[in-house]
$ cat final-v3.cif   # mmCIF, C-alpha atoms
data_input
loop_
_atom_site.group_PDB
_atom_site.id
_atom_site.type_symbol
_atom_site.label_atom_id
_atom_site.label_comp_id
_atom_site.auth_asym_id
_atom_site.auth_seq_id
_atom_site.Cartn_x
_atom_site.Cartn_y
_atom_site.Cartn_z
ATOM 1 C CA MET A 1 31.293 -32.653 2.030
ATOM 2 C CA ILE A 2 28.397 -30.255 2.579
ATOM 3 C CA THR A 3 25.140 -32.063 3.354
ATOM 4 C CA ALA A 4 21.627 -31.129 2.283
ATOM 5 C CA GLU A 5 20.703 -30.833 5.965
ATOM 6 C CA GLN A 6 23.392 -28.173 6.513
ATOM 7 C CA VAL A 7 22.117 -26.203 3.518
ATOM 8 C CA LYS A 8 18.546 -26.496 4.778
ATOM 9 C CA GLU A 9 19.457 -25.277 8.264
ATOM 10 C CA LEU A 10 21.386 -22.288 6.922
ATOM 11 C CA ARG A 11 18.540 -21.411 4.571
ATOM 12 C CA GLU A 12 16.022 -21.521 7.429
ATOM 13 C CA LYS A 13 18.217 -19.300 9.618
ATOM 14 C CA THR A 14 19.050 -16.694 6.980
ATOM 15 C CA GLY A 15 16.280 -16.864 4.384
ATOM 16 C CA ALA A 16 18.964 -16.890 1.672
ATOM 17 C CA GLY A 17 18.676 -19.011 -1.475
ATOM 18 C CA MET A 18 19.751 -22.666 -1.415
ATOM 19 C CA MET A 19 22.529 -22.182 -3.979
ATOM 20 C CA ASP A 20 23.907 -19.223 -2.005
ATOM 21 C CA CYS A 21 23.820 -21.270 1.201
ATOM 22 C CA LYS A 22 25.627 -24.199 -0.398
ATOM 23 C CA LYS A 23 28.278 -21.902 -1.883
ATOM 24 C CA VAL A 24 29.185 -20.135 1.372
ATOM 25 C CA LEU A 25 29.164 -23.394 3.339
ATOM 26 C CA THR A 26 31.616 -24.831 0.836
ATOM 27 C CA GLU A 27 33.825 -21.724 1.088
ATOM 28 C CA THR A 28 33.820 -21.858 4.897
ATOM 29 C CA ASN A 29 34.279 -25.634 5.134
ATOM 30 C CA GLY A 30 30.858 -26.047 6.747
ATOM 31 C CA ASP A 31 31.343 -23.412 9.461
ATOM 32 C CA GLU A 32 27.803 -22.115 9.861
ATOM 33 C CA GLU A 33 28.649 -18.930 11.769
ATOM 34 C CA LYS A 34 31.240 -17.871 9.203
ATOM 35 C CA ALA A 35 28.792 -18.789 6.443
ATOM 36 C CA ILE A 36 26.147 -16.529 8.003
ATOM 37 C CA GLU A 37 28.659 -13.662 8.191
ATOM 38 C CA LEU A 38 29.597 -14.210 4.554
ATOM 39 C CA LEU A 39 25.930 -14.217 3.511
ATOM 40 C CA ARG A 40 25.305 -10.986 5.375
ATOM 41 C CA GLU A 41 28.311 -9.341 3.762
ATOM 42 C CA ARG A 42 27.290 -10.493 0.312
ATOM 43 C CA GLY A 43 23.610 -10.093 1.017
ATOM 44 C CA ILE A 44 23.848 -6.361 1.530
ATOM 45 C CA ALA A 45 25.789 -6.032 -1.718
ATOM 46 C CA LYS A 46 23.186 -8.209 -3.392
ATOM 47 C CA ALA A 47 20.436 -5.973 -2.001
ATOM 48 C CA ALA A 48 22.031 -2.936 -3.611
ATOM 49 C CA LYS A 49 22.043 -4.686 -7.002
ATOM 50 C CA LYS A 50 18.354 -5.444 -6.639
ATOM 51 C CA SER A 51 17.430 -1.793 -6.115
ATOM 52 C CA ASP A 52 16.693 -1.191 -9.802
ATOM 53 C CA ARG A 53 14.256 -4.106 -10.087
ATOM 54 C CA ILE A 54 10.560 -3.279 -10.276
ATOM 55 C CA ALA A 55 8.686 -3.862 -7.030
ATOM 56 C CA ALA A 56 4.974 -3.625 -7.839
ATOM 57 C CA GLU A 57 3.622 -6.428 -5.660
ATOM 58 C CA GLY A 58 3.646 -6.446 -1.875
ATOM 59 C CA LEU A 59 1.119 -5.410 0.759
ATOM 60 C CA VAL A 60 -1.033 -2.547 1.887
ATOM 61 C CA THR A 61 -1.707 -2.656 5.609
ATOM 62 C CA THR A 62 -3.258 -0.456 8.278
ATOM 63 C CA TYR A 63 -2.725 0.151 11.975
ATOM 64 C CA VAL A 64 -5.078 1.920 14.382
ATOM 65 C CA THR A 65 -4.311 2.608 18.030
ATOM 66 C CA ASN A 66 -6.614 1.107 20.655
ATOM 67 C CA ASP A 67 -8.219 4.483 21.369
ATOM 68 C CA HIS A 68 -8.863 5.045 17.625
ATOM 69 C CA LYS A 69 -7.130 8.422 17.755
ATOM 70 C CA VAL A 70 -4.221 7.564 15.438
ATOM 71 C CA GLY A 71 -4.342 5.491 12.270
ATOM 72 C CA VAL A 72 -1.929 4.571 9.500
ATOM 73 C CA VAL A 73 -2.179 3.081 6.021
ATOM 74 C CA VAL A 74 1.074 2.075 4.330
ATOM 75 C CA GLU A 75 2.130 0.346 1.112
ATOM 76 C CA VAL A 76 5.311 -1.736 1.055
ATOM 77 C CA ASN A 77 6.223 -3.223 -2.302
ATOM 78 C CA ALA A 78 8.105 -6.362 -3.330
ATOM 79 C CA GLU A 79 8.789 -7.968 -6.706
ATOM 80 C CA THR A 80 6.484 -10.980 -6.460
ATOM 81 C CA ASP A 81 3.165 -11.892 -4.903
ATOM 82 C CA PHE A 82 4.904 -14.931 -3.351
ATOM 83 C CA VAL A 83 6.939 -12.687 -1.046
ATOM 84 C CA ALA A 84 3.775 -10.832 0.022
ATOM 85 C CA LYS A 85 2.632 -14.114 1.612
ATOM 86 C CA ASN A 86 5.937 -14.522 3.488
ATOM 87 C CA GLU A 87 5.423 -14.183 7.269
ATOM 88 C CA GLU A 88 8.709 -12.305 7.709
ATOM 89 C CA PHE A 89 7.624 -9.759 5.098
ATOM 90 C CA LYS A 90 4.135 -9.408 6.605
ATOM 91 C CA ASN A 91 5.613 -8.863 10.073
ATOM 92 C CA PHE A 92 7.988 -6.228 8.689
ATOM 93 C CA VAL A 93 5.102 -4.334 7.047
ATOM 94 C CA ALA A 94 3.092 -4.457 10.301
ATOM 95 C CA ASP A 95 6.112 -3.107 12.212
ATOM 96 C CA VAL A 96 6.498 -0.272 9.684
ATOM 97 C CA ALA A 97 2.842 0.737 10.159
ATOM 98 C CA LYS A 98 3.254 0.797 13.947
ATOM 99 C CA GLN A 99 6.463 2.812 13.641
ATOM 100 C CA ILE A 100 4.671 5.450 11.564
ATOM 101 C CA ALA A 101 1.924 5.660 14.189
ATOM 102 C CA ASP A 102 4.418 5.942 17.057
ATOM 103 C CA LYS A 103 7.091 8.176 15.524
ATOM 104 C CA ASN A 104 5.046 10.373 13.145
ATOM 105 C CA PRO A 105 7.519 10.788 10.256
ATOM 106 C CA LYS A 106 6.535 13.332 7.608
ATOM 107 C CA THR A 107 8.073 11.548 4.606
ATOM 108 C CA VAL A 108 9.288 8.083 3.577
ATOM 109 C CA GLU A 109 12.862 9.420 3.682
ATOM 110 C CA GLU A 110 12.422 10.602 7.264
ATOM 111 C CA LEU A 111 10.839 7.258 8.181
ATOM 112 C CA LEU A 112 13.775 5.281 6.771
ATOM 113 C CA ALA A 113 16.264 7.439 8.689
ATOM 114 C CA GLN A 114 14.523 6.787 12.032
ATOM 115 C CA THR A 115 15.746 4.209 14.519
ATOM 116 C CA SER A 116 13.704 1.030 14.142
ATOM 117 C CA ILE A 117 11.241 0.423 16.987
ATOM 118 C CA VAL A 118 11.954 -3.329 16.666
ATOM 119 C CA GLU A 119 15.730 -3.422 16.081
ATOM 120 C CA THR A 120 16.810 -0.426 18.115
ATOM 121 C CA ASP A 121 20.473 -0.631 17.089
ATOM 122 C CA LYS A 122 19.545 -0.054 13.418
ATOM 123 C CA THR A 123 17.772 2.507 11.300
ATOM 124 C CA LEU A 124 14.675 1.350 9.460
ATOM 125 C CA GLN A 125 16.695 1.636 6.245
ATOM 126 C CA ASP A 126 19.219 -0.858 7.660
ATOM 127 C CA VAL A 127 16.401 -3.236 8.609
ATOM 128 C CA LEU A 128 14.893 -2.932 5.126
ATOM 129 C CA THR A 129 18.266 -3.575 3.484
ATOM 130 C CA ASN A 130 18.727 -6.727 5.562
ATOM 131 C CA LYS A 131 15.240 -7.918 4.637
ATOM 132 C CA ILE A 132 16.063 -7.440 0.954
ATOM 133 C CA ALA A 133 19.204 -9.507 1.455
ATOM 134 C CA THR A 134 17.564 -12.373 3.337
ATOM 135 C CA ILE A 135 14.272 -12.534 1.442
ATOM 136 C CA GLY A 136 16.041 -12.087 -1.883
ATOM 137 C CA GLU A 137 13.863 -9.481 -3.595
ATOM 138 C CA ASN A 138 13.884 -5.746 -3.994
ATOM 139 C CA MET A 139 11.464 -4.108 -1.565
ATOM 140 C CA SER A 140 10.499 -0.515 -0.934
ATOM 141 C CA ILE A 141 8.314 1.499 1.404
ATOM 142 C CA ARG A 142 6.360 3.384 -1.207
ATOM 143 C CA ARG A 143 3.924 5.660 0.645
ATOM 144 C CA PHE A 144 1.903 6.151 3.803
ATOM 145 C CA GLU A 145 -0.780 8.306 5.371
ATOM 146 C CA ARG A 146 -1.119 8.980 9.078
ATOM 147 C CA PHE A 147 -4.256 10.449 10.640
ATOM 148 C CA GLU A 148 -4.311 11.845 14.172
ATOM 149 C CA SER A 149 -7.763 12.844 15.363
ATOM 150 C CA THR A 150 -9.768 14.244 18.251
ATOM 151 C CA GLY A 151 -12.652 12.233 16.781
ATOM 152 C CA LEU A 152 -12.429 8.682 15.468
ATOM 153 C CA VAL A 153 -10.051 6.916 13.085
ATOM 154 C CA GLU A 154 -10.951 3.544 11.553
ATOM 155 C CA SER A 155 -9.445 1.312 8.874
ATOM 156 C CA TYR A 156 -10.282 -1.552 6.556
ATOM 157 C CA ILE A 157 -8.191 -4.045 4.587
ATOM 158 C CA HIS A 158 -9.588 -5.793 1.535
ATOM 159 C CA GLY A 159 -8.249 -8.804 -0.347
ATOM 160 C CA GLU A 160 -5.426 -9.774 2.040
ATOM 161 C CA GLY A 161 -3.603 -6.495 1.583
ATOM 162 C CA LYS A 162 -4.693 -5.492 -1.917
ATOM 163 C CA ILE A 163 -6.606 -2.397 -0.760
ATOM 164 C CA GLY A 164 -6.237 -0.436 2.466
ATOM 165 C CA VAL A 165 -8.538 2.361 3.635
ATOM 166 C CA LEU A 166 -8.256 4.884 6.441
ATOM 167 C CA VAL A 167 -11.062 7.258 7.431
ATOM 168 C CA GLU A 168 -11.465 9.970 10.053
ATOM 169 C CA LEU A 169 -14.894 10.814 11.455
ATOM 170 C CA GLU A 170 -16.156 13.513 13.762
ATOM 171 C CA GLY A 171 -18.966 11.910 15.754
ATOM 172 C CA GLY A 172 -20.434 8.522 14.878
ATOM 173 C CA ASP A 173 -19.006 5.212 15.975
ATOM 174 C CA SER A 174 -16.669 2.448 14.826
ATOM 175 C CA ASN A 175 -19.432 0.560 13.010
ATOM 176 C CA LEU A 176 -20.330 3.604 10.915
ATOM 177 C CA ALA A 177 -16.640 4.248 10.219
ATOM 178 C CA LYS A 178 -16.178 0.631 9.090
ATOM 179 C CA ASP A 179 -19.115 0.988 6.699
ATOM 180 C CA ILE A 180 -17.580 4.151 5.239
ATOM 181 C CA CYS A 181 -14.223 2.387 4.862
ATOM 182 C CA MET A 182 -15.883 -0.439 2.943
ATOM 183 C CA GLN A 183 -17.689 2.126 0.768
ATOM 184 C CA ILE A 184 -14.363 3.758 -0.082
ATOM 185 C CA ALA A 185 -12.752 0.401 -0.888
ATOM 186 C CA ALA A 186 -15.603 -0.637 -3.189
ATOM 187 C CA ALA A 187 -16.598 2.644 -4.863
ATOM 188 C CA ARG A 188 -13.152 4.280 -5.263
ATOM 189 C CA PRO A 189 -14.049 7.922 -4.545
ATOM 190 C CA GLU A 190 -11.354 10.405 -5.503
ATOM 191 C CA TYR A 191 -12.484 13.325 -3.345
ATOM 192 C CA LEU A 192 -14.486 13.913 -0.184
ATOM 193 C CA ASP A 193 -16.928 16.469 -1.639
ATOM 194 C CA ARG A 194 -17.416 18.958 -4.491
ATOM 195 C CA GLU A 195 -15.276 21.601 -2.812
ATOM 196 C CA ALA A 196 -12.288 19.252 -2.902
ATOM 197 C CA VAL A 197 -12.424 18.703 -6.691
ATOM 198 C CA PRO A 198 -9.851 20.902 -8.493
ATOM 199 C CA ALA A 199 -11.413 23.601 -10.665
ATOM 200 C CA ASP A 200 -9.519 22.526 -13.781
ATOM 201 C CA ARG A 201 -10.887 18.992 -13.389
ATOM 202 C CA VAL A 202 -14.436 20.347 -13.290
ATOM 203 C CA GLU A 203 -13.835 22.649 -16.282
ATOM 204 C CA HIS A 204 -12.420 19.771 -18.311
ATOM 205 C CA GLU A 205 -15.424 17.590 -17.494
ATOM 206 C CA MET A 206 -17.830 20.392 -18.424
ATOM 207 C CA GLU A 207 -16.135 20.746 -21.809
ATOM 208 C CA ILE A 208 -16.560 17.016 -22.452
ATOM 209 C CA LEU A 209 -20.208 17.038 -21.347
ATOM 210 C CA LYS A 210 -20.982 20.086 -23.487
ATOM 211 C CA ALA A 211 -19.367 18.471 -26.536
ATOM 212 C CA GLN A 212 -21.466 15.352 -25.923
ATOM 213 C CA ALA A 213 -24.673 17.410 -25.779
ATOM 214 C CA VAL A 214 -23.796 19.355 -28.937
ATOM 215 C CA ASN A 215 -22.957 16.109 -30.747
ATOM 216 C CA GLU A 216 -26.391 14.850 -29.748
ATOM 217 C CA GLY A 217 -27.833 17.788 -31.709
ATOM 218 C CA LYS A 218 -28.860 19.920 -28.730
ATOM 219 C CA PRO A 219 -28.913 23.735 -29.151
ATOM 220 C CA GLU A 220 -26.226 25.697 -27.265
ATOM 221 C CA ALA A 221 -28.596 27.020 -24.583
ATOM 222 C CA VAL A 222 -30.074 23.574 -23.951
ATOM 223 C CA ALA A 223 -26.613 22.017 -23.942
ATOM 224 C CA GLU A 224 -25.599 24.293 -21.043
ATOM 225 C CA LYS A 225 -28.533 23.036 -18.933
ATOM 226 C CA ILE A 226 -27.778 19.427 -19.827
ATOM 227 C CA VAL A 227 -24.185 19.928 -18.705
ATOM 228 C CA GLN A 228 -25.316 21.108 -15.261
ATOM 229 C CA GLY A 229 -27.572 18.065 -14.927
ATOM 230 C CA ARG A 230 -24.894 15.602 -15.977
ATOM 231 C CA LEU A 231 -22.312 17.259 -13.765
ATOM 232 C CA GLY A 232 -24.295 15.930 -10.800
ATOM 233 C CA LYS A 233 -23.669 12.389 -11.998
ATOM 234 C CA PHE A 234 -19.964 13.183 -12.349
ATOM 235 C CA TYR A 235 -19.809 14.376 -8.733
ATOM 236 C CA GLY A 236 -21.827 11.335 -7.681
ATOM 237 C CA GLU A 237 -19.083 9.079 -9.021
ATOM 238 C CA ILE A 238 -15.969 10.801 -7.685
ATOM 239 C CA CYS A 239 -17.122 12.487 -4.448
ATOM 240 C CA LEU A 240 -17.559 10.233 -1.415
ATOM 241 C CA VAL A 241 -20.437 12.119 0.214
ATOM 242 C CA GLU A 242 -22.413 12.142 -3.066
ATOM 243 C CA GLN A 243 -21.994 8.436 -3.840
ATOM 244 C CA ASP A 244 -24.843 5.951 -3.451
ATOM 245 C CA PHE A 245 -24.213 3.957 -0.272
ATOM 246 C CA VAL A 246 -23.230 0.419 -1.281
ATOM 247 C CA LYS A 247 -25.376 -1.180 1.432
ATOM 248 C CA ASP A 248 -28.410 0.951 0.507
ATOM 249 C CA PRO A 249 -28.174 2.512 -2.987
ATOM 250 C CA ASP A 250 -31.267 4.648 -2.304
ATOM 251 C CA GLN A 251 -29.267 6.630 0.246
ATOM 252 C CA LYS A 252 -26.328 8.972 -0.315
ATOM 253 C CA VAL A 253 -23.249 8.503 1.878
ATOM 254 C CA GLY A 254 -23.370 12.124 3.048
ATOM 255 C CA LYS A 255 -27.010 11.851 4.143
ATOM 256 C CA LEU A 256 -26.329 8.561 5.925
ATOM 257 C CA VAL A 257 -23.463 10.048 7.917
ATOM 258 C CA GLU A 258 -25.431 13.201 8.691
ATOM 259 C CA ALA A 259 -28.353 11.121 9.992
ATOM 260 C CA LYS A 260 -25.938 9.409 12.392
ATOM 261 C CA GLY A 261 -24.818 12.782 13.754
ATOM 262 C CA ALA A 262 -21.372 12.401 12.209
ATOM 263 C CA LYS A 263 -19.128 14.068 9.642
ATOM 264 C CA ILE A 264 -16.389 12.608 7.422
ATOM 265 C CA ILE A 265 -13.218 14.657 7.866
ATOM 266 C CA ARG A 266 -10.864 12.870 5.442
ATOM 267 C CA PHE A 267 -9.971 9.509 3.972
ATOM 268 C CA ALA A 268 -7.143 7.674 2.249
ATOM 269 C CA ARG A 269 -7.405 4.700 -0.116
ATOM 270 C CA PHE A 270 -4.300 2.765 -1.213
ATOM 271 C CA GLU A 271 -4.454 0.017 -3.807
ATOM 272 C CA LYS A 272 -1.381 -2.188 -4.072
ATOM 273 C CA GLY A 273 0.806 -1.379 -7.059
ATOM 274 C CA GLU A 274 -1.515 1.235 -8.573
ATOM 275 C CA GLY A 275 0.439 3.320 -11.050
ATOM 276 C CA LEU A 276 3.473 1.016 -10.962
ATOM 277 C CA GLN A 277 4.769 -1.052 -13.867
ATOM 278 C CA LYS A 278 4.205 -4.745 -13.263
ATOM 279 C CA ARG A 279 6.989 -7.249 -13.629
ATOM 280 C CA GLU A 280 6.689 -9.122 -16.929
ATOM 281 C CA GLU A 281 9.080 -12.024 -16.314
ATOM 282 C CA ASN A 282 7.593 -15.402 -15.469
ATOM 283 C CA PHE A 283 8.908 -17.833 -12.908
ATOM 284 C CA ALA A 284 10.386 -20.243 -15.460
ATOM 285 C CA GLU A 285 12.403 -17.435 -17.043
ATOM 286 C CA GLU A 286 13.664 -16.324 -13.646
ATOM 287 C CA VAL A 287 14.840 -19.867 -12.784
ATOM 288 C CA ALA A 288 16.526 -20.195 -16.176
ATOM 289 C CA LYS A 289 18.352 -16.892 -15.579
ATOM 290 C CA GLN A 290 19.660 -18.087 -12.230
ATOM 291 C CA ILE A 291 20.812 -21.430 -13.622
ATOM 292 C CA ASN A 292 22.588 -19.776 -16.513
ATOM 293 C CA GLY A 293 24.270 -17.431 -14.156
#
$ encode --input "final-v3.cif" --output "structure tokens"
Amino acid sequence: MITAEQVKELREKTGAGMMDCKKVLTETNGDEEKAIELLRERGIAKAAKKSDRIAAEGLVTTYVTNDHKVGVVVEVNAETDFVAKNEEFKNFVADVAKQIADKNPKTVEELLAQTSIVETDKTLQDVLTNKIATIGENMSIRRFERFESTGLVESYIHGEGKIGVLVELEGGDSNLAKDICMQIAAARPEYLDREAVPADRVEHEMEILKAQAVNEGKPEAVAEKIVQGRLGKFYGEICLVEQDFVKDPDQKVGKLVEAKGAKIIRFARFEKGEGLQKREENFAEEVAKQING
């Protein structure tokens, strides 16, 4: 007879579901070590089956070295927000960020093929697969950015891992860099400055602005001038250095940084799940599916 206490202990040790724990304990006549082996064997197979499930929740996290010369922002996805609050998952994401800082992979594929800095007898892919098996949800390392600088790298996390920002400055200090990170999180700039905006994006915007002016009844020559004026507002929305500073809207970000004797080199802003399809199932439906097998 398998007791509830045995099931509970196995669940705590492996992170597997209660029904799975009860099943393997029954099959192994209560032998916990054999049950753990069986879960691991089946868990990896189970992880493979989960690979086609949508993982649009999860965490964005950052890591900056003590000397502020290397910084990382990374997004690791899971299927539900519940898992994003799981300490094991959060620790895994933090370890991934540190690995990127230490080992400098160029792609997610290269990262996954590296030896884990935590479990040195496994690749990071093996560690991820085991996490999928024990936590019970599909997970994926979606993307990362790594900055290495002779200046200063700083980061900011908003909303318990909803948004992560990384910025590199030449000159300035950590307080200024933090302010710029918060600006990026709040104002969602797409580009650093006008020079970074693709020409086709500008041309498309000019066509829209000209059509607006013509529709307002403005003559062609006047419409052209109006377009140039309104283009400034367009740049002011999408270019970081031309945005109004959130702490002082009368000041532009670029002027603020310049006054501090600094220069923004680059930035990265990750928002959890942006561009991914969200899972539509609700919890009750998921439970019903498991019960019905």
$ closest_residue --input "final-v3.cif" --among "A:Val165, A:Leu276, A:Ala187, A:Ile135" --to "Tyr63 (chain A)" --atoms "only C-alpha atoms"
A:Val165
$ closest_residue --input "final-v3.cif" --among "A:His204, A:Lys69, A:Arg230, A:Arg266" --to "Asp102 (chain A)" --atoms "only C-alpha atoms"
A:Lys69
$ residues_around --input "final-v3.cif" --residues "Glu271 (chain A)" --least-positions-apart "5" --cutoff "7 Å" --atoms "all atoms listed in the file" --output "list of chain:residue names"
A:Lys162, A:Ile163, A:Gly164
$ residues_around --input "final-v3.cif" --residues "Thr150 (chain A)" --least-positions-apart "3" --cutoff "10 Å" --atoms "all atoms listed in the file" --output "list in words"
His68, Lys69, Val70, Val153, Glu168, Leu169, Glu170 and Gly171 of chain A
$ closest_atom_pairs --input "final-v3.cif" --of "region 87-107 of chain A" --to "region 115-131 of chain A" --cutoff "9 Å" --atoms "all atoms listed in the file" --output "JSON lines"
{"residue": "A:Glu88", "atom": "CA", "partner": "A:Lys131", "partner_atom": "CA", "distance": 8.4}
{"residue": "A:Phe89", "atom": "CA", "partner": "A:Lys131", "partner_atom": "CA", "distance": 7.8}
{"residue": "A:Phe92", "atom": "CA", "partner": "A:Leu128", "partner_atom": "CA", "distance": 8.4}
{"residue": "A:Asp95", "atom": "CA", "partner": "A:Val118", "partner_atom": "CA", "distance": 7.3}
{"residue": "A:Val96", "atom": "CA", "partner": "A:Leu124", "partner_atom": "CA", "distance": 8.3}
{"residue": "A:Lys98", "atom": "CA", "partner": "A:Ile117", "partner_atom": "CA", "distance": 8.6}
{"residue": "A:Gln99", "atom": "CA", "partner": "A:Ile117", "partner_atom": "CA", "distance": 6.3}
{"residue": "A:Asp102", "atom": "CA", "partner": "A:Ile117", "partner_atom": "CA", "distance": 8.8}
{"residue": "A:Lys103", "atom": "CA", "partner": "A:Ile117", "partner_atom": "CA", "distance": 8.9}
$ axis_aligned_box --input "final-v3.cif" --around "region 133-142 of chain A" --padding-each-side "3 Å" --output "AutoDock Vina command-line options"
--center_x 12.8 --center_y -4.6 --center_z -0.3 --size_x 18.8 --size_y 21.9 --size_z 13.3
$ closest_residue --input "final-v3.cif" --among "A:Asp31, A:Ile264, A:Asn77, A:Asp250" --to "Asp179 (chain A)" --atoms "all atoms listed in the file"
A:Ile264
$ residues_around --input "final-v3.cif" --residues "Glu32 (chain A)" --least-positions-apart "4" --cutoff "12 Å" --atoms "all atoms listed in the file" --output "tab-separated table (two decimals) with C-alpha atoms, in the frame of the given file"
chain	number	residue	atom	x	y	z
A	2	ILE	CA	28.40	-30.26	2.58
A	5	GLU	CA	20.70	-30.83	5.96
A	6	GLN	CA	23.39	-28.17	6.51
A	7	VAL	CA	22.12	-26.20	3.52
A	8	LYS	CA	18.55	-26.50	4.78
A	9	GLU	CA	19.46	-25.28	8.26
A	10	LEU	CA	21.39	-22.29	6.92
A	11	ARG	CA	18.54	-21.41	4.57
A	13	LYS	CA	18.22	-19.30	9.62
A	14	THR	CA	19.05	-16.69	6.98
A	21	CYS	CA	23.82	-21.27	1.20
A	22	LYS	CA	25.63	-24.20	-0.40
A	23	LYS	CA	28.28	-21.90	-1.88
A	24	VAL	CA	29.18	-20.14	1.37
A	25	LEU	CA	29.16	-23.39	3.34
A	26	THR	CA	31.62	-24.83	0.84
A	27	GLU	CA	33.83	-21.72	1.09
A	28	THR	CA	33.82	-21.86	4.90
A	36	ILE	CA	26.15	-16.53	8.00
A	37	GLU	CA	28.66	-13.66	8.19
A	38	LEU	CA	29.60	-14.21	4.55
A	39	LEU	CA	25.93	-14.22	3.51
$ resolve_selection --input "final-v3.cif" --expression "the PyMOL selection byres ((chain A and resi 177) around 12)" --output "ChimeraX atom specification"
/A:68,151-156,165-176,178-184,253,256-257,260,262-267
